[in-house]
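Comments concern the structure below.
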Amino acid sequence: MFDTVIHDVYYLSFAMILVLVLGGGIIAVTSKSLIYCFFGLVGSLLGVAGLYYNLGSPLVAVMQIMIYIGAVCVAIAFGVSLTRKSEDEGVNPPDIKAAIPIVLVTAMLGSTLKGLQGRHIVASAHKIDESRIGWMLLKEYLLPFEIISILLTVAVLGAVTIALINRRIG
Amino acid sequence: MEFLATLPNNLLLYVVVAHALFAIGLYGMLFRRTLIGFLISLELLLQGVGINIMAFGTYLVPDPMQARITTLFIIGIAAAEAAVFLGIAVAVFRNYQTIGVDELSKLKG
């Protein structure tokens, strides 16, 4: 009895994560106001963190929440409030260009599923030990790790520099 | 019902969701009118890529840690890219008083 309740809650929460990912994404690209877009993006990123957790990786889920929602989304909120001008906002009405993502992604998905036929699943998401990740980051992947830290420093300093240039053009 | 019960641990579901998110982001790239809207769509595209890498790395690769590390690097690089993009958007707004991509046509012939 108790077991089935736990299972129902698990499947219900998984369905909610899927709704959050796709619904948040659709709100983020179709709503008129950039503020609604921003909140749709936050919902979508939270849902993606839930998907990472379901894939057996709490570490990446926490990193996703900390970096995306804690840093990138706050930066986007500042960007929205610093550059707000409501007559520019909104989306262009859908026309023939809307076929591009549909056709492209359908082709990608079809070829992916075709390539997946015959591959057998070697692992399950529920039996993964993540404790090796720190060793791997500091041994095999030390150089990319350090390069990313330098890249982040340079990018943030460059962004501040670009934003501080106050030269009028034209 | 048996199929539904295994769905949260099924590779196909993650692949389909990742592709759907990629399509949504691509639609946003084509139809949004402002630079900030472009940035939001770009984040969605990167999320689709991240889910794909995590799903394939978890289910098809013998060592799942490589996918974790790749996804962490993608998250870091996306943070750097968002910082630069927002700096550029603020600078463009200072100079042109707009970030609408249709008005930013000074370099057009």
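Residues are named by chain letter and number: chains run A, B, ... in the order of the structure tokens, numbers start at 1 in each chain, and ligands are numbered from 1 in the order shown.
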(message) Which residues are near A:Ala49? Cut-off 7 Å, only C-alpha atoms, ignore same chain within fewer than 2 positions. Put them as a count of residues only.
(response) 9
(request) Write out as a PyMOL selection string all residues of stretch 34-159 of chain A that DSSP puts in helix (DSSP H, G or I) for this structure's backbone. (result) chain A and resi 34-54+58-82+86-88+96-116+133-138+142-159
Leaving out A:Gly43 and any residue of its chain fewer than 4 positions from it, which residues lie within 7 Å of it when counting only C-alpha atoms, given as a compact mmCIF listing (two decimals) with N, CA and C atoms, in the first residue's frame?
# COMPACT_ATOMS: atom_id res chain seq x y z
N LEU A 20 7.17 20.99 -16.70
CA LEU A 20 7.94 22.19 -16.39
C LEU A 20 8.96 22.48 -17.49
N VAL A 21 9.66 21.44 -17.96
CA VAL A 21 10.68 21.66 -18.99
C VAL A 21 10.03 22.19 -20.27
N GLY A 24 7.72 25.48 -19.72
CA GLY A 24 8.58 26.64 -19.49
C GLY A 24 9.28 27.08 -20.76
N PHE A 39 10.71 34.18 -16.65
CA PHE A 39 10.23 33.17 -15.69
C PHE A 39 10.03 31.82 -16.36
N GLY A 47 13.34 22.41 -14.37
CA GLY A 47 12.93 21.09 -14.84
C GLY A 47 14.09 20.29 -15.37
(request) Could you tell me which of A:Val72, A:Ile6, A:Ile27, A:Leu142 comes closest to chain B if we count only C-alpha atoms? (result) A:Val72
(request) Would you mind reading off the distance between atom CA of B:Leu72 and atom CA of B:Ile53, one decimal, in Å? (result) 10.9 Å
(request) Would you mind telling me which residue in A:Ser81, A:Thr153, A:Ser44, A:Asn54 lies nearest to B:Leu13 when using only C-alpha atoms? (result) A:Asn54
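Excluding stretch 78-82 of chain B itself and same-chain residues fewer than 3 positions from it, the residues having an atom within 7 Å of it are A:Val72, A:Leu152, A:Ala155, A:Val156, B:Ile74, B:Ile75, B:Phe85, B:Leu86, counting only C-alpha atoms.
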Write out the residues from the selection above, keeping N, CA, C and O atoms, as a short mmCIF file (atom, residue, chain, number, x, y, z; two decimals), in the first residue's frame.
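out14.cif, written as the output of this step:
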data_model
loop_
_atom_site.label_atom_id
_atom_site.label_comp_id
_atom_site.auth_asym_id
_atom_site.auth_seq_id
_atom_site.Cartn_x
_atom_site.Cartn_y
_atom_site.Cartn_z
N VAL A 72 23.29 32.85 -14.01
CA VAL A 72 22.94 33.29 -15.35
C VAL A 72 21.58 33.98 -15.36
O VAL A 72 21.41 35.04 -15.98
N LEU A 152 36.43 31.82 -17.78
CA LEU A 152 35.38 32.53 -17.04
C LEU A 152 35.89 33.89 -16.56
O LEU A 152 35.19 34.90 -16.69
N ALA A 155 36.13 36.17 -19.55
CA ALA A 155 34.82 36.54 -20.09
C ALA A 155 34.13 37.56 -19.21
O ALA A 155 33.56 38.54 -19.70
N VAL A 156 34.21 37.38 -17.88
CA VAL A 156 33.53 38.33 -17.00
C VAL A 156 34.22 39.69 -17.05
O VAL A 156 33.56 40.73 -17.15
N ILE B 74 30.03 22.30 -20.21
CA ILE B 74 29.05 23.04 -21.01
C ILE B 74 28.39 24.11 -20.16
O ILE B 74 28.21 25.26 -20.60
N ILE B 75 28.04 23.77 -18.91
CA ILE B 75 27.39 24.74 -18.04
C ILE B 75 28.33 25.93 -17.78
O ILE B 75 27.93 27.10 -17.85
N PHE B 85 27.49 38.05 -23.63
CA PHE B 85 26.32 38.45 -24.41
C PHE B 85 25.60 39.61 -23.73
O PHE B 85 25.21 40.59 -24.38
N LEU B 86 25.45 39.53 -22.38
CA LEU B 86 24.75 40.61 -21.69
C LEU B 86 25.56 41.89 -21.71
O LEU B 86 25.00 42.99 -21.84
#
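You will find atom CA of B:Asn10 at 9.0 Å from atom CA of B:Ala55.
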(request) Please indicate the distance in Å from atom CA of B:Thr98 to atom CA of A:Glu87, rounded to one decimal place. (result) 9.7 Å
(request) Using only C-alpha atoms, pick whichever of A:Val48, A:Ile35, A:Val103, A:Leu109 has the shortest atom-to-atom distance to A:Ile17. (result) A:Val48
Contact table stretch 14-70 of chain B vs stretch 113-117 of chain A, cut-off 10 Å, shortest pair per residue, only C-alpha atoms, as CSV:
residue,atom,partner,partner_atom,distance
B:Val15,CA,A:Leu113,CA,8.7
B:Val16,CA,A:Leu113,CA,9.4
B:Leu60,CA,A:Leu116,CA,9.7
Name the residues in contact with A:Arg132 at a cut-off of 12 Å, using only C-alpha atoms, excluding same-chain residues fewer than 5 positions from it; report them as a PDB file with all heavy atoms, in the first residue's frame.
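File produced: around.pdb:
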ATOM      1  N   LEU A  59      24.879  15.753  -8.501  1.00  0.00           N
ATOM      2  CA  LEU A  59      25.905  16.805  -8.569  1.00  0.00           C
ATOM      3  C   LEU A  59      25.617  17.778  -9.711  1.00  0.00           C
ATOM      4  O   LEU A  59      25.620  19.001  -9.523  1.00  0.00           O
ATOM      5  CB  LEU A  59      27.269  16.161  -8.776  1.00  0.00           C
ATOM      6  CG  LEU A  59      28.384  17.177  -8.957  1.00  0.00           C
ATOM      7  CD1 LEU A  59      28.777  17.748  -7.634  1.00  0.00           C
ATOM      8  CD2 LEU A  59      29.561  16.584  -9.656  1.00  0.00           C
ATOM      9  N   LEU A 137      38.256  15.204 -12.326  1.00  0.00           N
ATOM     10  CA  LEU A 137      38.434  16.614 -12.667  1.00  0.00           C
ATOM     11  C   LEU A 137      39.849  17.080 -12.345  1.00  0.00           C
ATOM     12  O   LEU A 137      40.397  17.926 -13.035  1.00  0.00           O
ATOM     13  CB  LEU A 137      37.442  17.476 -11.895  1.00  0.00           C
ATOM     14  CG  LEU A 137      36.086  17.715 -12.540  1.00  0.00           C
ATOM     15  CD1 LEU A 137      35.264  18.590 -11.645  1.00  0.00           C
ATOM     16  CD2 LEU A 137      36.249  18.375 -13.879  1.00  0.00           C
ATOM     17  N   LEU A 138      40.450  16.528 -11.272  1.00  0.00           N
ATOM     18  CA  LEU A 138      41.775  17.005 -10.895  1.00  0.00           C
ATOM     19  C   LEU A 138      42.893  16.131 -11.448  1.00  0.00           C
ATOM     20  O   LEU A 138      44.061  16.399 -11.185  1.00  0.00           O
ATOM     21  CB  LEU A 138      41.893  17.100  -9.376  1.00  0.00           C
ATOM     22  CG  LEU A 138      41.043  18.217  -8.790  1.00  0.00           C
ATOM     23  CD1 LEU A 138      41.217  18.292  -7.294  1.00  0.00           C
ATOM     24  CD2 LEU A 138      41.407  19.541  -9.417  1.00  0.00           C
ATOM     25  N   LYS A 139      42.559  15.055 -12.203  1.00  0.00           N
ATOM     26  CA  LYS A 139      43.639  14.249 -12.792  1.00  0.00           C
ATOM     27  C   LYS A 139      43.596  14.310 -14.316  1.00  0.00           C
ATOM     28  O   LYS A 139      44.344  15.047 -14.935  1.00  0.00           O
ATOM     29  CB  LYS A 139      43.540  12.820 -12.308  1.00  0.00           C
ATOM     30  CG  LYS A 139      44.203  12.631 -10.975  1.00  0.00           C
ATOM     31  CD  LYS A 139      44.126  11.183 -10.575  1.00  0.00           C
ATOM     32  CE  LYS A 139      45.000  10.922  -9.366  1.00  0.00           C
ATOM     33  NZ  LYS A 139      44.706   9.587  -8.833  1.00  0.00           N
ATOM     34  N   GLU A 140      42.652  13.537 -14.922  1.00  0.00           N
ATOM     35  CA  GLU A 140      42.656  13.492 -16.387  1.00  0.00           C
ATOM     36  C   GLU A 140      42.218  14.811 -16.997  1.00  0.00           C
ATOM     37  O   GLU A 140      42.705  15.213 -18.037  1.00  0.00           O
ATOM     38  CB  GLU A 140      41.718  12.400 -16.904  1.00  0.00           C
ATOM     39  CG  GLU A 140      42.135  10.986 -16.633  1.00  0.00           C
ATOM     40  CD  GLU A 140      41.244  10.394 -15.599  1.00  0.00           C
ATOM     41  OE1 GLU A 140      41.295  10.898 -14.469  1.00  0.00           O
ATOM     42  OE2 GLU A 140      40.508   9.449 -15.920  1.00  0.00           O
TER      43      GLU A 140
ATOM     44  N   ASP B  63      31.593   4.250 -19.032  1.00  0.00           N
ATOM     45  CA  ASP B  63      31.957   5.111 -17.902  1.00  0.00           C
ATOM     46  C   ASP B  63      31.073   6.360 -17.908  1.00  0.00           C
ATOM     47  O   ASP B  63      31.278   7.246 -18.732  1.00  0.00           O
ATOM     48  CB  ASP B  63      33.424   5.520 -18.023  1.00  0.00           C
ATOM     49  CG  ASP B  63      33.856   6.321 -16.822  1.00  0.00           C
ATOM     50  OD1 ASP B  63      33.077   6.374 -15.845  1.00  0.00           O
ATOM     51  OD2 ASP B  63      34.948   6.891 -16.857  1.00  0.00           O
ATOM     52  N   PRO B  64      30.083   6.453 -17.042  1.00  0.00           N
ATOM     53  CA  PRO B  64      29.162   7.595 -17.102  1.00  0.00           C
ATOM     54  C   PRO B  64      29.763   8.904 -16.608  1.00  0.00           C
ATOM     55  O   PRO B  64      29.163   9.949 -16.797  1.00  0.00           O
ATOM     56  CB  PRO B  64      28.004   7.159 -16.193  1.00  0.00           C
ATOM     57  CG  PRO B  64      28.585   6.157 -15.305  1.00  0.00           C
ATOM     58  CD  PRO B  64      29.673   5.480 -16.052  1.00  0.00           C
ATOM     59  N   MET B  65      30.953   8.867 -16.015  1.00  0.00           N
ATOM     60  CA  MET B  65      31.517  10.100 -15.461  1.00  0.00           C
ATOM     61  C   MET B  65      31.919  11.094 -16.542  1.00  0.00           C
ATOM     62  O   MET B  65      31.917  12.294 -16.329  1.00  0.00           O
ATOM     63  CB  MET B  65      32.747   9.781 -14.617  1.00  0.00           C
ATOM     64  CG  MET B  65      32.433   9.140 -13.309  1.00  0.00           C
ATOM     65  SD  MET B  65      31.263  10.062 -12.362  1.00  0.00           S
ATOM     66  CE  MET B  65      30.054   8.822 -12.082  1.00  0.00           C
ATOM     67  N   GLN B  66      32.288  10.570 -17.741  1.00  0.00           N
ATOM     68  CA  GLN B  66      32.723  11.484 -18.806  1.00  0.00           C
ATOM     69  C   GLN B  66      31.603  12.410 -19.214  1.00  0.00           C
ATOM     70  O   GLN B  66      31.818  13.607 -19.447  1.00  0.00           O
ATOM     71  CB  GLN B  66      33.211  10.671 -20.004  1.00  0.00           C
ATOM     72  CG  GLN B  66      34.479   9.929 -19.705  1.00  0.00           C
ATOM     73  CD  GLN B  66      34.845   8.987 -20.800  1.00  0.00           C
ATOM     74  OE1 GLN B  66      34.083   8.767 -21.727  1.00  0.00           O
ATOM     75  NE2 GLN B  66      36.037   8.430 -20.692  1.00  0.00           N
ATOM     76  N   ARG B  68      29.163  13.419 -17.284  1.00  0.00           N
ATOM     77  CA  ARG B  68      28.998  14.403 -16.212  1.00  0.00           C
ATOM     78  C   ARG B  68      29.983  15.555 -16.377  1.00  0.00           C
ATOM     79  O   ARG B  68      29.626  16.732 -16.280  1.00  0.00           O
ATOM     80  CB  ARG B  68      29.250  13.752 -14.853  1.00  0.00           C
ATOM     81  CG  ARG B  68      28.031  13.231 -14.173  1.00  0.00           C
ATOM     82  CD  ARG B  68      27.700  11.894 -14.680  1.00  0.00           C
ATOM     83  NE  ARG B  68      26.567  11.306 -14.003  1.00  0.00           N
ATOM     84  CZ  ARG B  68      25.701  10.537 -14.608  1.00  0.00           C
ATOM     85  NH1 ARG B  68      25.827  10.294 -15.891  1.00  0.00           N
ATOM     86  NH2 ARG B  68      24.713  10.004 -13.967  1.00  0.00           N
ATOM     87  N   ILE B  69      31.234  15.203 -16.650  1.00  0.00           N
ATOM     88  CA  ILE B  69      32.258  16.248 -16.745  1.00  0.00           C
ATOM     89  C   ILE B  69      32.002  17.123 -17.965  1.00  0.00           C
ATOM     90  O   ILE B  69      32.112  18.353 -17.902  1.00  0.00           O
ATOM     91  CB  ILE B  69      33.647  15.593 -16.768  1.00  0.00           C
ATOM     92  CG1 ILE B  69      33.935  15.029 -15.383  1.00  0.00           C
ATOM     93  CG2 ILE B  69      34.702  16.588 -17.156  1.00  0.00           C
ATOM     94  CD1 ILE B  69      35.164  14.238 -15.289  1.00  0.00           C
TER      95      ILE B  69
END
(request) Give the answer as one residue: which of B:Val84, B:Leu11, B:Leu42, B:Ile99 has the shortest atom-to-atom distance to B:Leu26, using only C-alpha atoms? (result) B:Leu42
(request) Kindly indicate which residue among A:Val91, A:Ile128, A:Val74, A:Met108 lies nearest to chain B, using only C-alpha atoms for the distances. (result)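 Using only C-alpha atoms, chain B sits closest to A:Val91.
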(message) Taking only C-alpha atoms into account, name the residue in B:Ser105, B:Ala20, B:Gly100, B:Pro8 that is nearest to B:Arg32.
(response) B:Gly100
(request) Find the spatial neighbours of A:Val42, counting only C-alpha atoms, within a cut-off of 9 Å - ignore same-chain residues fewer than 6 positions away - and output them as a list in words. (result)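 Surrounding residues, per the criterion: Gly24, Ala28, Tyr68, Ile69 and Cys73 of chain A.
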Set the distance at 8 Å and use only C-alpha atoms: which residues neighbour B:Ala67 once local chain neighbours fewer than 4 positions away are removed? I'd like the list as a compact mmCIF listing (two decimals) with C-alpha atoms, in the first residue's frame.
# COMPACT_ATOMS: atom_id res chain seq x y z
CA ILE B 53 24.89 14.31 -23.71
CA MET B 54 23.85 13.25 -20.21
CA PHE B 56 23.68 9.08 -24.01
CA GLY B 57 26.59 9.13 -21.62
CA THR B 58 24.51 7.55 -18.87
CA THR B 71 27.98 18.65 -19.02
